[in-house]
Structures are given as C-alpha cells and as structure tokens.
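What follows is work_5.cif (mmCIF, C-alpha atoms).
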data_coords
loop_
_atom_site.label_atom_id
_atom_site.label_comp_id
_atom_site.auth_asym_id
_atom_site.auth_seq_id
_atom_site.Cartn_x
_atom_site.Cartn_y
_atom_site.Cartn_z
CA MET A 1 52.74 62.13 164.54
CA SER A 2 52.20 59.80 167.47
CA SER A 3 54.03 56.47 167.48
CA THR A 4 50.72 54.77 168.29
CA ALA A 5 48.98 56.08 165.16
CA SER A 6 47.97 53.50 162.60
CA PRO A 7 49.81 53.36 159.25
CA ARG A 8 46.69 54.62 157.49
CA ALA A 9 46.40 57.61 159.85
CA GLU A 10 50.07 58.44 159.34
CA ALA A 11 49.70 58.24 155.55
CA ARG A 12 46.57 60.41 155.68
CA THR A 13 48.34 63.06 157.78
CA ILE A 14 51.35 63.13 155.45
CA LEU A 15 49.29 63.45 152.27
CA ILE A 16 47.17 66.25 153.75
CA ILE A 17 50.20 68.23 154.93
CA VAL A 18 52.12 67.82 151.67
CA ALA A 19 49.04 68.63 149.55
CA ILE A 20 48.46 71.86 151.50
CA VAL A 21 52.14 72.83 151.22
CA GLN A 22 52.03 72.12 147.48
CA PHE A 23 48.88 74.23 147.12
CA VAL A 24 50.38 77.20 148.94
CA ILE A 25 53.81 77.11 147.29
CA GLY A 26 52.38 76.50 143.82
CA GLY A 27 49.98 79.39 144.23
CA TRP A 28 52.66 81.72 145.54
CA PHE A 29 55.13 80.90 142.76
CA SER A 30 52.54 81.19 139.98
CA TRP A 31 51.01 84.38 141.41
CA SER A 32 54.36 86.18 141.65
CA ALA A 33 55.39 85.06 138.15
CA SER A 34 52.09 86.05 136.54
CA ARG A 35 52.29 89.59 137.99
CA THR A 36 55.52 90.43 136.18
CA ALA A 37 55.29 94.03 134.96
CA PRO A 38 57.44 97.17 135.29
CA HIS A 39 57.17 99.16 138.53
CA ASP A 40 59.24 102.37 138.67
CA LEU A 41 61.68 100.93 136.14
CA PRO A 42 64.59 103.41 135.74
CA VAL A 43 64.57 104.83 132.18
CA LEU A 44 66.45 107.83 130.81
CA VAL A 45 65.34 110.40 128.23
CA VAL A 46 68.10 112.33 126.49
CA ALA A 47 67.65 116.10 126.46
CA GLY A 48 66.74 117.71 123.20
CA ARG A 49 63.85 118.77 121.03
CA GLY A 50 60.68 116.95 122.08
CA ALA A 51 62.32 115.29 125.11
CA ASP A 52 59.76 116.61 127.60
CA GLN A 53 56.84 115.41 125.49
CA LEU A 54 58.50 112.01 125.05
CA ALA A 55 58.99 111.64 128.80
CA GLU A 56 55.38 112.60 129.44
CA ARG A 57 54.08 110.11 126.88
CA LEU A 58 56.21 107.39 128.47
CA ARG A 59 54.76 108.11 131.91
CA ALA A 60 51.18 108.54 130.71
CA GLY A 61 51.18 105.38 128.62
CA ALA A 62 51.83 103.18 131.67
CA PRO A 63 51.34 105.11 134.94
CA GLY A 64 53.76 103.95 137.64
CA ALA A 65 55.66 101.65 135.29
CA TYR A 66 58.70 103.84 134.60
CA GLU A 67 60.84 106.17 136.68
CA VAL A 68 61.81 108.63 133.96
CA LYS A 69 64.85 110.84 134.41
CA GLY A 70 66.55 113.27 132.07
CA VAL A 71 70.15 113.12 130.94
CA ASP A 72 72.11 115.66 128.91
CA THR A 73 73.75 113.52 126.23
CA VAL A 74 73.65 110.07 124.69
CA GLU A 75 77.18 109.46 126.01
CA ALA A 76 76.02 110.22 129.55
CA ALA A 77 73.07 107.87 129.07
CA ASP A 78 75.36 105.06 127.92
CA ALA A 79 77.60 105.63 130.92
CA ALA A 80 74.59 105.36 133.23
CA LEU A 81 73.58 102.09 131.57
CA ARG A 82 77.07 100.65 132.10
CA GLN A 83 76.91 101.67 135.76
CA ARG A 84 73.51 99.97 136.16
CA ARG A 85 71.73 103.20 137.06
CA ALA A 86 69.10 102.60 134.37
CA TYR A 87 67.88 99.85 132.05
CA GLY A 88 67.39 101.92 128.90
CA ALA A 89 67.55 105.39 127.35
CA LEU A 90 65.37 107.05 124.73
CA SER A 91 66.33 109.94 122.49
CA LEU A 92 64.69 111.77 119.60
CA THR A 93 66.91 112.36 116.57
CA ALA A 94 66.43 113.69 113.09
CA THR A 95 65.84 110.13 111.86
CA GLY A 96 63.38 109.18 114.58
CA LEU A 97 63.34 107.54 117.99
CA GLU A 98 66.46 105.79 119.25
CA LEU A 99 66.63 103.28 122.09
CA HIS A 100 69.79 102.35 123.98
CA LEU A 101 69.62 99.21 126.13
CA ALA A 102 71.67 97.17 128.58
CA SER A 103 70.09 93.78 127.95
CA ALA A 104 72.72 92.06 130.13
CA ALA A 105 70.96 93.60 133.14
CA SER A 106 67.72 91.85 132.19
CA PRO A 107 66.68 90.43 128.82
CA ALA A 108 63.05 90.61 129.98
CA VAL A 109 63.31 94.34 130.67
CA ALA A 110 65.05 94.88 127.33
CA ARG A 111 62.13 93.22 125.54
CA ASN A 112 59.66 95.33 127.48
CA LEU A 113 61.43 98.58 126.62
CA ALA A 114 61.80 97.62 122.96
CA GLY A 115 58.06 97.01 122.74
CA ARG A 116 57.27 100.25 124.50
CA ALA A 117 59.58 102.18 122.17
CA GLN A 118 57.80 100.70 119.16
CA GLU A 119 54.48 101.94 120.54
CA LEU A 120 55.85 105.44 121.12
CA ALA A 121 57.47 105.69 117.70
CA ALA A 122 54.67 104.09 115.70
CA GLY A 123 57.41 103.02 113.33
CA PRO A 124 60.99 101.72 113.16
CA VAL A 125 63.19 102.30 116.21
CA ARG A 126 66.95 102.33 115.98
CA THR A 127 68.21 100.17 118.86
CA THR A 128 71.72 100.01 120.32
CA ASP A 129 72.58 97.39 122.94
CA VAL A 130 75.25 99.08 125.04
CA VAL A 131 75.80 96.07 127.33
CA PRO A 132 74.44 93.05 125.45
CA ALA A 133 73.35 89.82 127.08
CA ASP A 134 75.64 86.83 126.88
CA PRO A 135 75.35 85.28 123.38
CA ASP A 136 75.30 81.78 124.90
CA ASP A 137 72.22 82.71 126.95
CA PRO A 138 70.53 85.69 125.24
CA HIS A 139 67.20 85.24 127.05
CA GLY A 140 68.63 84.49 130.50
CA ALA A 141 66.80 81.16 130.75
CA GLY A 142 69.97 79.11 131.16
CA LEU A 143 71.23 81.17 134.08
CA ALA A 144 67.82 81.06 135.76
CA MET A 145 67.68 77.27 135.47
CA GLY A 146 71.26 76.95 136.70
CA PHE A 147 70.54 79.24 139.66
CA LEU A 148 67.59 77.21 140.97
CA PRO A 149 69.61 74.12 142.02
CA LEU A 150 71.94 76.36 144.03
CA LEU A 151 68.98 77.34 146.23
CA ILE A 152 67.49 73.84 146.49
CA THR A 153 70.77 72.15 147.43
CA ALA A 154 71.54 74.88 149.98
CA VAL A 155 68.33 74.06 151.85
CA ILE A 156 69.03 70.31 151.63
CA ALA A 157 72.59 70.77 152.92
CA GLY A 158 71.39 72.91 155.82
CA LEU A 159 68.75 70.33 156.74
CA LEU A 160 71.28 67.47 156.72
CA PHE A 161 73.91 69.39 158.70
CA ALA A 162 71.32 70.29 161.34
CA LEU A 163 69.85 66.78 161.66
CA LYS A 164 72.82 64.50 161.08
CA VAL A 165 75.86 66.35 162.45
CA ARG A 166 75.97 66.51 166.23
CA SER A 167 79.09 68.59 166.80
CA ALA A 168 78.72 72.37 166.51
CA ALA A 169 82.31 72.67 165.26
CA ALA A 170 81.69 70.01 162.61
CA ARG A 171 78.54 71.83 161.48
CA PHE A 172 80.50 75.06 161.09
CA LEU A 173 83.21 73.34 159.06
CA GLY A 174 80.56 71.58 157.00
CA VAL A 175 78.82 74.85 156.14
CA VAL A 176 82.09 76.54 155.12
CA GLY A 177 83.34 73.50 153.22
CA PHE A 178 80.08 73.12 151.31
CA ALA A 179 80.11 76.81 150.35
CA VAL A 180 83.65 76.56 148.98
CA ALA A 181 83.00 73.30 147.10
CA SER A 182 79.72 74.59 145.69
CA GLY A 183 81.33 77.82 144.53
CA LEU A 184 84.17 76.09 142.72
CA LEU A 185 82.06 73.37 141.10
CA SER A 186 79.01 75.48 140.24
CA SER A 187 81.15 78.21 138.71
CA LEU A 188 82.95 75.58 136.63
CA MET A 189 79.62 74.36 135.31
CA LEU A 190 77.93 77.72 134.73
CA THR A 191 80.95 79.72 133.56
CA HIS A 192 82.78 77.17 131.39
CA LEU A 193 80.78 74.01 130.72
CA SER A 194 77.29 75.39 130.08
CA GLY A 195 78.59 78.91 129.40
CA VAL A 196 75.48 80.71 130.67
CA LEU A 197 77.34 82.84 133.23
CA PRO A 198 79.76 85.43 131.79
CA GLY A 199 82.67 86.81 133.73
CA ASP A 200 85.69 85.54 135.64
CA TYR A 201 85.58 81.99 137.01
CA PHE A 202 86.90 82.84 140.46
CA VAL A 203 84.67 85.92 140.84
CA ASN A 204 81.61 83.84 140.01
CA ALA A 205 82.82 81.09 142.35
CA GLY A 206 83.09 83.64 145.14
CA ILE A 207 79.54 84.87 144.53
CA VAL A 208 78.12 81.33 144.62
CA ALA A 209 80.15 80.55 147.74
CA LEU A 210 78.76 83.64 149.49
CA LEU A 211 75.23 82.64 148.51
CA GLU A 212 75.66 79.12 149.87
CA LEU A 213 77.40 80.35 153.01
CA ALA A 214 74.48 82.65 153.76
CA MET A 215 71.70 80.16 152.98
CA VAL A 216 73.23 77.01 154.45
CA GLY A 217 74.43 78.88 157.52
CA VAL A 218 70.97 80.24 158.32
CA VAL A 219 69.14 76.94 157.72
CA THR A 220 71.72 74.95 159.70
CA GLY A 221 71.82 77.52 162.48
CA LEU A 222 68.04 77.69 162.88
CA GLY A 223 67.77 73.90 162.75
CA SER A 224 70.55 73.48 165.31
CA LEU A 225 69.00 76.02 167.63
CA ILE A 226 65.29 75.13 167.58
CA GLY A 227 65.09 71.86 165.67
CA ALA A 228 62.63 70.97 162.90
CA PRO A 229 60.63 74.24 163.19
CA GLY A 230 63.85 76.17 162.61
CA ILE A 231 64.61 74.15 159.48
CA ALA A 232 61.10 74.88 158.20
CA VAL A 233 61.46 78.62 158.86
CA GLY A 234 64.85 78.70 157.17
CA ALA A 235 63.63 76.78 154.13
CA VAL A 236 60.58 79.02 153.72
CA LEU A 237 62.61 82.22 154.06
CA MET A 238 65.55 81.16 151.91
CA PHE A 239 63.76 79.29 149.13
CA VAL A 240 59.98 79.65 149.18
CA VAL A 241 60.17 83.42 149.65
CA GLY A 242 63.64 84.08 148.27
CA ASN A 243 63.44 82.27 144.93
CA PRO A 244 60.38 84.00 143.40
CA LEU A 245 61.58 87.37 144.68
CA SER A 246 65.16 87.01 143.44
CA GLY A 247 64.29 88.82 140.19
CA LEU A 248 66.75 86.72 138.20
CA THR A 249 64.27 85.81 135.47
CA SER A 250 63.20 89.45 135.05
CA ALA A 251 64.31 92.22 137.44
CA PRO A 252 63.35 93.39 140.94
CA GLU A 253 61.44 96.29 139.36
CA MET A 254 59.37 93.82 137.33
CA LEU A 255 57.99 92.07 140.43
CA PRO A 256 54.94 93.13 142.47
CA GLN A 257 55.96 95.86 144.90
CA PRO A 258 57.07 96.10 147.64
CA LEU A 259 57.90 92.40 147.29
CA GLY A 260 60.48 93.05 144.56
CA ALA A 261 62.29 95.53 146.78
CA LEU A 262 62.19 93.07 149.69
CA GLY A 263 63.72 90.35 147.53
CA ARG A 264 66.93 92.37 147.11
CA PHE A 265 67.63 91.93 150.83
CA LEU A 266 67.38 88.14 150.79
CA PRO A 267 70.38 85.98 149.83
CA ALA A 268 68.84 84.78 146.55
CA GLY A 269 68.04 88.32 145.40
CA ALA A 270 71.43 89.69 146.39
CA ALA A 271 73.25 86.85 144.62
CA ALA A 272 71.09 87.24 141.51
CA GLY A 273 72.05 90.90 141.30
CA LEU A 274 75.73 90.08 141.75
CA LEU A 275 75.73 87.39 139.06
CA ARG A 276 74.11 89.84 136.65
CA THR A 277 76.61 92.60 137.32
CA ALA A 278 79.93 90.80 137.94
CA GLY A 279 80.86 90.04 134.34
CA PRO A 280 79.02 92.33 131.90
CA PHE A 281 79.12 95.45 134.10
CA GLY A 282 82.50 94.97 135.76
CA GLY A 283 80.91 94.72 139.21
CA ALA A 284 79.09 98.07 139.07
CA GLY A 285 76.82 98.40 142.10
CA ALA A 286 78.11 95.18 143.69
CA GLY A 287 78.83 96.67 147.11
CA GLY A 288 75.29 96.48 148.47
CA PRO A 289 74.59 92.85 147.50
CA VAL A 290 77.97 91.74 148.87
CA LEU A 291 77.20 93.35 152.24
CA ILE A 292 73.75 91.71 152.29
CA LEU A 293 75.23 88.25 151.70
CA LEU A 294 77.92 88.81 154.34
CA ALA A 295 75.27 89.95 156.82
CA TRP A 296 73.21 86.78 156.26
CA ALA A 297 76.35 84.65 156.61
CA LEU A 298 77.12 86.34 159.94
CA ILE A 299 73.55 85.71 161.08
CA GLY A 300 74.01 82.03 160.24
CA PHE A 301 77.29 81.87 162.15
CA GLY A 302 75.63 83.63 165.09
CA LEU A 303 72.87 81.04 165.16
CA LEU A 304 75.42 78.23 165.03
CA TRP A 305 77.36 79.82 167.90
CA ALA A 306 74.16 80.23 169.93
CA SER A 307 73.27 76.59 169.41
CA SER A 308 76.75 75.53 170.57
CA ARG A 309 76.33 77.53 173.81
CA ARG A 310 73.01 75.93 174.62
CA LYS A 311 73.31 73.48 177.48
CA PRO A 312 72.29 69.90 176.68
CA VAL A 313 69.06 68.71 178.23
CA VAL A 314 69.79 66.38 181.15
CA PRO A 315 67.08 63.74 181.63
CA PRO A 316 65.53 63.66 185.09
CA GLN A 317 66.77 61.09 187.59
CA GLY A 318 65.30 57.72 186.82
CA ALA A 319 64.36 58.61 183.24
CA ALA A 320 67.02 56.27 181.85
CA ARG A 321 65.43 53.34 183.68
CA ASP A 322 61.96 54.32 182.46
CA LEU A 323 63.16 54.48 178.86
CA ALA A 324 64.83 51.06 178.92
CA PRO A 325 63.68 48.79 176.06
CA ALA A 326 60.80 46.50 176.77
CA GLY A 327 61.89 43.13 178.08
CA GLU A 328 65.25 44.41 179.30
CA GLN A 329 65.81 43.76 182.97
CA ARG A 330 66.22 47.00 184.89
CA PRO A 331 68.78 47.05 187.67
CA GLU A 332 67.23 47.15 191.08
CA THR A 333 68.23 49.88 193.46
CA ALA A 334 68.92 49.24 197.07
CA PRO A 335 66.18 50.39 199.41
CA VAL A 336 66.89 53.51 201.39
CA TYR A 337 66.25 53.19 205.13
#
Serialized structure, structure tokens:
Amino acid sequence: MSSTASPRAEARTILIIVAIVQFVIGGWFSWSASRTAPHDLPVLVVAGRGADQLAERLRAGAPGAYEVKGVDTVEAADAALRQRRAYGALSLTATGLELHLASAASPAVARNLAGRAQELAAGPVRTTDVVPADPDDPHGAGLAMGFLPLLITAVIAGLLFALKVRSAAARFLGVVGFAVASGLLSSLMLTHLSGVLPGDYFVNAGIVALLELAMVGVVTGLGSLIGAPGIAVGAVLMFVVGNPLSGLTSAPEMLPQPLGALGRFLPAGAAAGLLRTAGPFGGAGAGGPVLILLAWALIGFGLLWASSRRKPVVPPQGAARDLAPAGEQRPETAPVY
C-alpha cells in the first residue's frame, strides 16, 4: 500500500484482502474435511471358506474404497496390522464374521471398517483391536488439537525470524533453537501433561523438533531470500496446504486423491504419520517420513545459506542525500571544475 493512501483506503484494502483470504482458506479447509471417505484403504481378507466372495462383496459395496488383499492366516493378518501394512482384516469363521483392527493407526478408519463389517455380516461382528488407540484419546481428537498449534507457531516463528533477525547466522541458530525448545516442551505437554500422545518422551520430542526444523527453516529461508512473498509462499505450503492434507484426523487414504498422497510428502503429513506410528507401532514404517522431514529441513537450510550469500543492495550514489528526512540540512558538495 502506498504511503500516500488515505487511512480509509488502507483500511478498505486490508479488509478486502483478508476477507478474500478467509473465503479461500475456509472453503479449502471445509471442502477437504467434508470429502473424507476411504480411497484404496488397505484391508486384508483371511483365506478360508467364503473368503473370495467376502472380498468381492467388500469391493462391490464401495467401488474404489478398499484395496483388498488376501492373507493366509489370522496371525499373519495381525502381524501386518502391527507393521502398518493394513488398517483391518476380515475373516469368516464358524461363528460368523470377525474383524481385526489397529485403531491406533486411525480411529476414524476403525469406525469406518466396523460399520462396513456390520453391513457385510447383517448381524453381530466379533471385533478384536490388535493395536488399540490410546485410552486417554480414543477418538484422536486431543492429538489433532494439540498438533494444530505446532503448525501455526512454526509459521509465526519463521515469519519473525525472517523479518526481525538481520544476521543469517542468528537466523540459523534461531531456527535450530526453536525446533529443540518446541520439541522438548511440546512433547512434555502432549506425552505427559495432556497424555494424548503415547510413546517415549524423547522420541516424540525428536519428531516434533524435526517437524519444526522443516517448517520454520523453509518459511524463514524463503522470507530471507525473497522477502514477504517468500513468507506467504512458505505459509501457504506449510500450513494452508499441509494442515488439511496431513491426515491426522483421519488417514491419508481417507482424503480426496491424489491430495491425500501428496500430503504425505509435506512436513505436516510426514510428522502426523510419525506421531501415529512411534509409540503404538514401535516405529513401523517410520523411515520414509523421517527422510521427508530431513529433506525439508535441508531445503530450509539451503534457502538460508542462499540468502546469506546474496550481496546486499548498495544504494546509488546520492541516494542517501535524497532520502534524508524532511527539514534536515543536507551537506553541500564542492563544485567540480
């Protein structure tokens, strides 16, 4: 906004911009949340009498919703659930349909599969929760609410480091220091005080620290390199896009595709997967998300390094005199003959 604009014009510009941003973000968040439904959700069917018909009924009842695979025994199915290779397993027994779940992977998916099993059985279903959700947060709402501030404060920290800290070295130390402090404090809150995050305190602290390192590093790096537009790009990518696609409130397979798959490769989605798997599943499948977070952190450090190598803009000769405050006497220069 121009410095000569009237206060009313400035206020009008601000309210229009913020209202449009609110409209877009609100629509995006609500649209992605309202489209929650299974898409190629991994489900196992235990081999045995009627297994093929059961698998076919599962596919036909909701085309494209489930990726159905066979498994030889119930024990093999349970092992696959513990390794996070599937969300549930169905088997036909002499007493009826049985459902094995890993609700710790996603309480929302567990509810979906339980409802689907009831439809298939048209009667009681014996359910076994192989990896149950944390009893302090059985629906996952507490973890989801505790995760949101981690993303918001990461964007705020990146904005402040980029705008208020002039030294590139100080920005780097600020990003690393914030990640460490956030990891230790947030893990204390989520793991012990609120109790919504199962698992080891230091493991959870490391996951949060990696998340903050990746997010704050990218926002700070983009802001340091290209200014306010870089901060805006970083905030949109890390929070506006990353938060709805993290899959923490449901699962990546429950989001509209291919957006759910894309979300896994953003810091929020990778950290959400790690927090789900670190405690209940003993870190099964953690390698990919860890590499994704490390890659984003390296990108942030690369941006910070690039901004430190950029040469400062030297004002043209005479610009300092032209920018002198009004009323201040400018020194006269000697005439050149």
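When CA of Ile20 (chain A) is paired with CA of Ala261 (chain A), their separation reads 27.8 Å.
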Report as number ranges by chain all protein, DNA and RNA residues lying within 10 Å of Gly96 (chain A), evaluated on only C-alpha atoms, omitting residues in the same chain fewer than 6 positions from it. A: 121, 123-126
Those selected residues, please, written with C-alpha atoms and delivered as a compact mmCIF listing (two decimals), in the coordinates of the input.
# COMPACT_ATOMS: atom_id res chain seq x y z
CA ALA A 121 57.47 105.69 117.70
CA GLY A 123 57.41 103.02 113.33
CA PRO A 124 60.99 101.72 113.16
CA VAL A 125 63.19 102.30 116.21
CA ARG A 126 66.95 102.33 115.98
Two-atom distance - CA of Ser103 (chain A), CA of Ser91 (chain A) (Å): 17.5 Å
Using only C-alpha atoms, which of the listed residues (A:Gly142, A:Gly263, A:Gly61, A:Gly88) sits closest to Asp129 (chain A)?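 Among A:Gly142, A:Gly263, A:Gly61, A:Gly88, it is A:Gly88 that comes nearest to Asp129 (chain A).
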Closest-contact table, region 197-252 of chain A side, partner region 292-302 of chain A, 12 Å, counting all atoms listed in the file, as a tab-separated table:
residue	atom	partner	partner_atom	distance
A:Gly206	CA	A:Leu293	CA	11.2
A:Ile207	CA	A:Leu293	CA	9.0
A:Val208	CA	A:Leu293	CA	10.3
A:Ala209	CA	A:Leu293	CA	10.0
A:Leu210	CA	A:Leu293	CA	6.2
A:Leu211	CA	A:Leu293	CA	6.5
A:Glu212	CA	A:Ala297	CA	8.7
A:Leu213	CA	A:Ala297	CA	5.7
A:Ala214	CA	A:Ala297	CA	4.0
A:Met215	CA	A:Ala297	CA	7.4
A:Val216	CA	A:Gly300	CA	7.7
A:Gly217	CA	A:Gly300	CA	4.2
A:Val218	CA	A:Gly300	CA	4.0
A:Val219	CA	A:Gly300	CA	7.5
A:Thr220	CA	A:Gly300	CA	7.5
A:Gly221	CA	A:Gly300	CA	5.5
A:Leu222	CA	A:Gly300	CA	7.8
A:Gly223	CA	A:Gly300	CA	10.6
A:Ser224	CA	A:Gly300	CA	10.5
A:Leu225	CA	A:Gly302	CA	10.4
A:Gly230	CA	A:Gly300	CA	12.0
A:Gly234	CA	A:Gly300	CA	10.2
A:Leu237	CA	A:Trp296	CA	11.7
A:Met238	CA	A:Trp296	CA	10.4
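Minimum atom-to-atom distances from A:Ala168, A:Ala102, A:Leu150, A:Val21 to Arg310 (chain A) were compared using all atoms listed in the file, and the lowest value belongs to A:Ala168.
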Protein and nucleic acid residues near (63.7, 92.3, 142.2) (cut-off 10 Å, all atoms listed in the file) as an NGL selection string: :A and (244-265 or 269-270 or 272-273)
Å distance separating CA of Ala86 (chain A) from CA of Phe239 (chain A), one decimal place: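 Taking CA of Ala86 (chain A) and CA of Phe239 (chain A), their separation equals 28.1 Å.
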Could you tell me which of A:Leu54, A:Leu81, A:Ile16, A:Val43 comes closest to Val68 (chain A) if we count all atoms listed in the file?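 Using all atoms listed in the file, Val68 (chain A) sits closest to A:Val43.
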When you count all atoms listed in the file, which of these residues is closest to Ser167 (chain A): A:Leu304, A:Val24, A:Val45, A:Ala122?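 That would be A:Leu304, the residue with the smallest distance to Ser167 (chain A).
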Give me the residues near His139 (chain A) as a list in words, where near means some atom within 10 Å (using all atoms listed in the file) and where sequence neighbours in that chain fewer than 5 positions away do not count. Ser103, Ala104, Ser106, Pro107, Ala108, Ala110, Arg111, Ala133, Asp134, Ala144, Thr249 and Ser250 of chain A
Let me make sure I understand: among A:Leu120, A:Leu291, A:Ile231, A:Leu197, which one has the smallest atom-to-atom distance to Phe161 (chain A) if we use all atoms listed in the file?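 The shortest atom-to-atom distance to Phe161 (chain A) comes from A:Ile231.
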Kindly reconstruct region 276-288 of chain A with N, CA, C and O atoms and present the result as a tab-separated table (two decimals), in the coordinates of the input.
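The resulting file, out37.tsv, is shown below:
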chain	number	residue	atom	x	y	z
A	276	ARG	N	74.42	89.02	137.81
A	276	ARG	CA	74.11	89.84	136.65
A	276	ARG	C	75.17	90.92	136.40
A	276	ARG	O	75.47	91.27	135.25
A	277	THR	N	75.75	91.42	137.47
A	277	THR	CA	76.61	92.60	137.32
A	277	THR	C	78.09	92.27	137.28
A	277	THR	O	78.89	93.06	136.78
A	278	ALA	N	78.50	91.10	137.78
A	278	ALA	CA	79.93	90.80	137.94
A	278	ALA	C	80.68	90.82	136.62
A	278	ALA	O	81.73	91.47	136.49
A	279	GLY	N	80.16	90.12	135.61
A	279	GLY	CA	80.86	90.04	134.34
A	279	GLY	C	80.57	91.18	133.40
A	279	GLY	O	81.45	92.00	133.08
A	280	PRO	N	79.33	91.32	132.93
A	280	PRO	CA	79.02	92.33	131.90
A	280	PRO	C	79.27	93.76	132.34
A	280	PRO	O	79.64	94.61	131.54
A	281	PHE	N	79.04	94.06	133.63
A	281	PHE	CA	79.12	95.45	134.10
A	281	PHE	C	80.36	95.72	134.95
A	281	PHE	O	80.47	96.79	135.57
A	282	GLY	N	81.27	94.76	135.00
A	282	GLY	CA	82.50	94.97	135.76
A	282	GLY	C	82.28	95.17	137.24
A	282	GLY	O	83.07	95.81	137.92
A	283	GLY	N	81.18	94.62	137.78
A	283	GLY	CA	80.91	94.72	139.21
A	283	GLY	C	80.27	96.02	139.64
A	283	GLY	O	80.23	96.33	140.84
A	284	ALA	N	79.73	96.81	138.70
A	284	ALA	CA	79.09	98.07	139.07
A	284	ALA	C	77.92	97.83	140.02
A	284	ALA	O	77.05	96.99	139.76
A	285	GLY	N	77.90	98.53	141.13
A	285	GLY	CA	76.82	98.40	142.10
A	285	GLY	C	76.86	97.12	142.91
A	285	GLY	O	75.85	96.73	143.50
A	286	ALA	N	78.03	96.47	142.99
A	286	ALA	CA	78.11	95.18	143.69
A	286	ALA	C	78.23	95.32	145.20
A	286	ALA	O	78.02	94.35	145.92
A	287	GLY	N	78.57	96.50	145.68
A	287	GLY	CA	78.83	96.67	147.11
A	287	GLY	C	77.66	96.30	148.00
A	287	GLY	O	77.82	95.56	148.98
A	288	GLY	N	76.46	96.77	147.66
A	288	GLY	CA	75.29	96.48	148.47
A	288	GLY	C	74.98	95.00	148.56
A	288	GLY	O	74.82	94.45	149.67
